[in-house]
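Colleague: I'd like to ask you about the structure that follows.
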Amino acid sequence: MATTYHRAPWPLGAITALTLSTLAGLYSTSAHANPAATDTAAQGDEIAHTVKDGDTLEGLAKAYLTDPRQWPLLQARNKVANPRRLQPGSIVWIPVRLQPAESATVEFVHGAVTAQARAGDAPAPVAKGGKLDEGTALQVGPDGFVAVRLADGTVVRVQAQSDLQLRQLRRRGRAGSVQSVLEMRSGALESTVPPSPEAFRRMEIRTPLAVTSVRGTRFSVEMAESGQTTASVLNGSVAVQSRSNNEASQGAATAPTSLLTPGQGLAVATDGTVGAPRALLAAPDTSGVPATLGDASLLAINIPALPGAARYVAQVAQDADFTQVLRHGSFATGQLRWKALDDGRYYLSVRAVDDAGIAGVPAVQPIVIKTRPIAPLHQQPAPGAVVATGSGELQCTQVPGVRWYRVQVAIEAEFRAPVKDEQRLSECRLSLASLPAGAYFWRMASLLEMPDGQGDQGPFAPAQAFTVADRPPTLSAQSLQAQDGDTTVRLHWPAQPGQRFRLQLASASDEAFDKVTLDTQLDSPSWTASNLPAGDYLVRIQVLDPSGLQGDFSPPRKIRVGSGISTGSGLPVSTSSGQPVGRP
């Protein structure tokens, strides 16, 4: 039984298209013998069956349609005089709409994704496990993602800001091969089509400029705002043929065909010109991405520039197959920025995009996000400050709800061999009295107490440098003066280049920040305040990234403001209960 496919004319005239098909027999022998049939096969809303000896309309209805008793419909379509005597070599057209209907299943959904079952219906939110019928249009929002499984096991991963219609979901007869046609009006998708022995299985993805017909491969299709369509193949070999060239060559020699092998891609220009196959850009270098990320304000990942890359597309998913994508974005540089994610294990995928808009080979690696409990902020000494030997202390903010603090001091920034490592401090402070003169780094982390008494440690704050130096000779008693100056609070925290910050201050009892004492924006990751009344305060910080993203406010940290009365070494004077001493 020889079969090709035929597409009814586009309502708005001829549209240039590109056909991608696997080399492993997507079409029958007669389709390969007829180049015009091969082109229409990739476009079709009808199936062209080449009649063989013994074929009858009843037999064709049984093979292609739901019920053999539907043969009169084929007779009416093809104007056949005798349904039991068909001319061998002639064509019988099988309307796809007469084939048994299938549906798709929503595997995963994140963010704003709606489905419109029929034109004129109100779009409805998509839910995991929901069924999608033929004709359903999916709209994916700016932060959305949806993975759809077709009846043959194909998984289609629809990216943010995409508009996709499930144009055809049919089956060839009651138990035959699945026939799926998806029409993408904007956006991008990735698809994994499982291998199948069925010779007539059909899987197409159409854009206004291109049609990709694929079997047993992993590929992606992206449609730019200009209408340009790009395709890249990671697994499986595909044949590429321009529809405009094919239409011009009907009845003549076979139209030129380009072959895409694994690791190749091409672009279809807005005038329908098919670019030459080119090698995909190599996977970006993600070896410098930390295995554990601890920034609670933004999900920030930096990768080095890759030669030939015009931009980068990246995703973060809950699974290694990227059917559960939570973050997706296109970035002009290797500075990848998203809103923060909850603590957990994820997978990162980064692809470099070349000057033709073709996405390259992905770099995929697991990552762990661990931001809770948040790290304290450095309070004193200031970055790079000098502390006198035999005195002084490291001090950082408190974190409400935390049981202990861990403070480390090392002579190198990697902390391979800390010289101090206090793991269960009840306050975030560490005396430096025993530390000899030298250059050091310090960092700290918060710990929650688990039900079994063990500690659950959050991420370390980035290391900060300081120096311990010997004091100069002691001044004479006559030169000593009491220090009774203004109160000053200094905070420092880590930041990415170009970031700004919003800082709010409230009393220690105002955990909801209902009555904010201070609300200010800062151009650098530090804050200094003078003349604050003595007492305890809560401070929280919001990151304003140059990308336009705004992080959530950080959980509050607790700071203590002294009275301005200090010891000779510059430390605030407190009562026996730990409260700052006020001025008389």
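Every chain in the structure tokens takes a letter, A first, then B, and so on in the order presented; its residues are numbered from 1, and the ligands are numbered from 1 following the presented order.
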Within 10 Å of Ala437 of chain A, counting only C-alpha atoms, which residues qualify if same-chain residues fewer than 5 places away don't, as a compact mmCIF listing (two decimals) with N, CA, C and O atoms, in the first residue's frame?
Modeller:
# COMPACT_ATOMS: atom_id res chain seq x y z
N VAL A 386 42.06 47.24 58.80
CA VAL A 386 43.18 46.77 59.61
C VAL A 386 42.72 46.74 61.07
O VAL A 386 42.15 47.71 61.58
N VAL A 387 42.96 45.61 61.72
CA VAL A 387 42.59 45.41 63.12
C VAL A 387 43.87 45.24 63.93
O VAL A 387 44.80 44.54 63.51
N ALA A 388 43.92 45.87 65.08
CA ALA A 388 45.11 45.80 65.92
C ALA A 388 45.22 44.42 66.56
O ALA A 388 44.22 43.81 66.94
N THR A 389 46.43 43.91 66.67
CA THR A 389 46.66 42.61 67.31
C THR A 389 46.24 42.69 68.78
O THR A 389 46.35 43.71 69.44
N GLY A 390 45.71 41.54 69.23
CA GLY A 390 45.34 41.46 70.64
C GLY A 390 44.00 42.07 70.97
O GLY A 390 43.62 42.10 72.15
N THR A 467 43.05 42.67 57.70
CA THR A 467 44.45 42.53 58.11
C THR A 467 44.57 42.75 59.61
O THR A 467 43.92 43.64 60.17
N VAL A 468 45.39 41.94 60.24
CA VAL A 468 45.74 42.14 61.65
C VAL A 468 47.16 42.69 61.68
O VAL A 468 48.08 42.10 61.09
N ALA A 469 47.36 43.80 62.37
CA ALA A 469 48.68 44.44 62.43
C ALA A 469 48.98 44.85 63.86
O ALA A 469 48.08 45.08 64.68
N ASP A 470 50.29 44.91 64.16
CA ASP A 470 50.72 45.34 65.49
C ASP A 470 50.36 46.81 65.71
O ASP A 470 50.42 47.63 64.79
N ARG A 471 50.02 47.13 66.95
CA ARG A 471 49.70 48.50 67.29
C ARG A 471 50.94 49.37 67.23
O ARG A 471 52.05 48.90 67.50
Colleague: Residues within 6 Å of segment 326-334 of chain A, please, as a ChimeraX atom specification. Count only C-alpha atoms; anything in the same chain fewer than 3 positions from it doesn't count.
Modeller: /A:302-303,311-317
Colleague: Given only C-alpha atoms as the basis, pick out the residue of A:Arg490, A:Lys339, A:Arg403, A:His49 nearest to Leu549 of chain A.
Modeller: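 Smallest separation from Leu549 of chain A among the options: A:Lys339.
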Colleague: Just give me the gap between atom CA of Thr397 of chain A and atom CA of Ala508 of chain A in Å, one decimal is fine.
Modeller: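 One can read the atom CA of Thr397 of chain A to atom CA of Ala508 of chain A distance as 12.4 Å.
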Colleague: Point out the residue among A:Val489, A:Leu544, A:Leu336, A:Leu293 with the least atom-to-atom distance to Thr528 of chain A, counting only C-alpha atoms.
Modeller: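 So, comparing all the options, the nearest one is A:Val489.
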Colleague: Write out as a VMD selection string the set of residues from segment 417-542 of chain A that DSSP, computed on the backbone, places in strand (DSSP E or B).
Modeller: chain A and resid 420 to 425 429 to 431 438 to 449 455 to 457 464 to 469 484 488 to 492 500 to 507 518 to 522 526 to 530 535 to 542
Colleague: Can you tell me how far atom CA of Ala300 of chain A sits from atom CA of Gln550 of chain A, in Å to one decimal?
Modeller: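 Atom-to-atom, atom CA of Ala300 of chain A and atom CA of Gln550 of chain A are spaced 12.3 Å apart.
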Colleague: Show which residues sit within 9 Å of Thr292 of chain A, as a tab-separated table (two decimals) with N, CA and C atoms, in the first residue's frame. Count only C-alpha atoms, and ignore same-chain residues fewer than 5 positions away.
Modeller:
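So the final result, stored in selection-v3.tsv, reads:
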chain	number	residue	atom	x	y	z
A	367	ILE	N	22.80	21.29	39.16
A	367	ILE	CA	23.16	22.32	40.13
A	367	ILE	C	22.29	22.14	41.37
A	368	VAL	N	22.77	22.63	42.48
A	368	VAL	CA	22.03	22.61	43.74
A	368	VAL	C	21.86	24.05	44.19
A	369	ILE	N	20.64	24.42	44.54
A	369	ILE	CA	20.38	25.74	45.11
A	369	ILE	C	20.12	25.56	46.60
A	370	LYS	N	20.94	26.20	47.40
A	370	LYS	CA	20.83	26.12	48.86
A	370	LYS	C	21.02	27.53	49.40
A	459	PRO	N	24.29	28.66	53.12
A	459	PRO	CA	25.51	29.00	52.38
A	459	PRO	C	26.38	29.99	53.15
Colleague: For the alpha helix (DSSP H) assignment from backbone DSSP, which residues of segment 164-338 of chain A qualify? Please present them as a PyMOL selection string.
Modeller: chain A and resi 243-248
Colleague: Rounded to one decimal, what separation in Å do you get between atom CA of Phe501 of chain A and atom CA of Asp295 of chain A?
Modeller: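 Taking atom CA of Phe501 of chain A and atom CA of Asp295 of chain A, their separation equals 14.5 Å.
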Colleague: Restricting the calculation to only C-alpha atoms, which member of A:Ile205, A:Ala309, A:Val268, A:Ala48 is positioned closest to Gly227 of chain A?
Modeller: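 Of the candidates, the smallest distance to Gly227 of chain A is held by A:Val268.
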Colleague: Which residues are near Gly144 of chain A? Cut-off 6 Å, only C-alpha atoms, ignore same chain within fewer than 4 positions. Put them as number ranges by chain.
Modeller: A: 110-112, 140, 160
Colleague: Quick one: write out the picked residues with all heavy atoms as an mmCIF file, in the first residue's frame?
Modeller:
data_model
loop_
_atom_site.group_PDB
_atom_site.id
_atom_site.type_symbol
_atom_site.label_atom_id
_atom_site.label_comp_id
_atom_site.auth_asym_id
_atom_site.auth_seq_id
_atom_site.Cartn_x
_atom_site.Cartn_y
_atom_site.Cartn_z
ATOM 1 N N HIS A 110 4.261 25.303 33.875
ATOM 2 C CA HIS A 110 4.789 26.284 34.825
ATOM 3 C C HIS A 110 4.456 27.674 34.314
ATOM 4 O O HIS A 110 4.600 27.972 33.119
ATOM 5 C CB HIS A 110 6.307 26.139 34.974
ATOM 6 C CG HIS A 110 6.925 27.223 35.801
ATOM 7 N ND1 HIS A 110 6.816 27.263 37.174
ATOM 8 C CD2 HIS A 110 7.653 28.318 35.460
ATOM 9 C CE1 HIS A 110 7.452 28.329 37.632
ATOM 10 N NE2 HIS A 110 7.962 28.980 36.612
ATOM 11 N N GLY A 111 4.012 28.541 35.214
ATOM 12 C CA GLY A 111 3.713 29.911 34.829
ATOM 13 C C GLY A 111 2.396 30.020 34.090
ATOM 14 O O GLY A 111 1.523 29.152 34.161
ATOM 15 N N ALA A 112 2.247 31.129 33.365
ATOM 16 C CA ALA A 112 0.991 31.424 32.671
ATOM 17 C C ALA A 112 0.932 30.690 31.337
ATOM 18 O O ALA A 112 1.636 31.042 30.391
ATOM 19 C CB ALA A 112 0.853 32.929 32.455
ATOM 20 N N VAL A 140 1.721 30.578 25.655
ATOM 21 C CA VAL A 140 2.646 30.484 26.779
ATOM 22 C C VAL A 140 3.150 31.883 27.108
ATOM 23 O O VAL A 140 3.651 32.596 26.230
ATOM 24 C CB VAL A 140 3.825 29.545 26.455
ATOM 25 C CG1 VAL A 140 4.720 29.359 27.676
ATOM 26 C CG2 VAL A 140 3.303 28.188 25.978
ATOM 27 N N ALA A 160 8.799 29.799 26.606
ATOM 28 C CA ALA A 160 8.112 31.037 26.954
ATOM 29 C C ALA A 160 7.814 31.873 25.714
ATOM 30 O O ALA A 160 8.529 31.817 24.710
ATOM 31 C CB ALA A 160 8.964 31.844 27.936
#
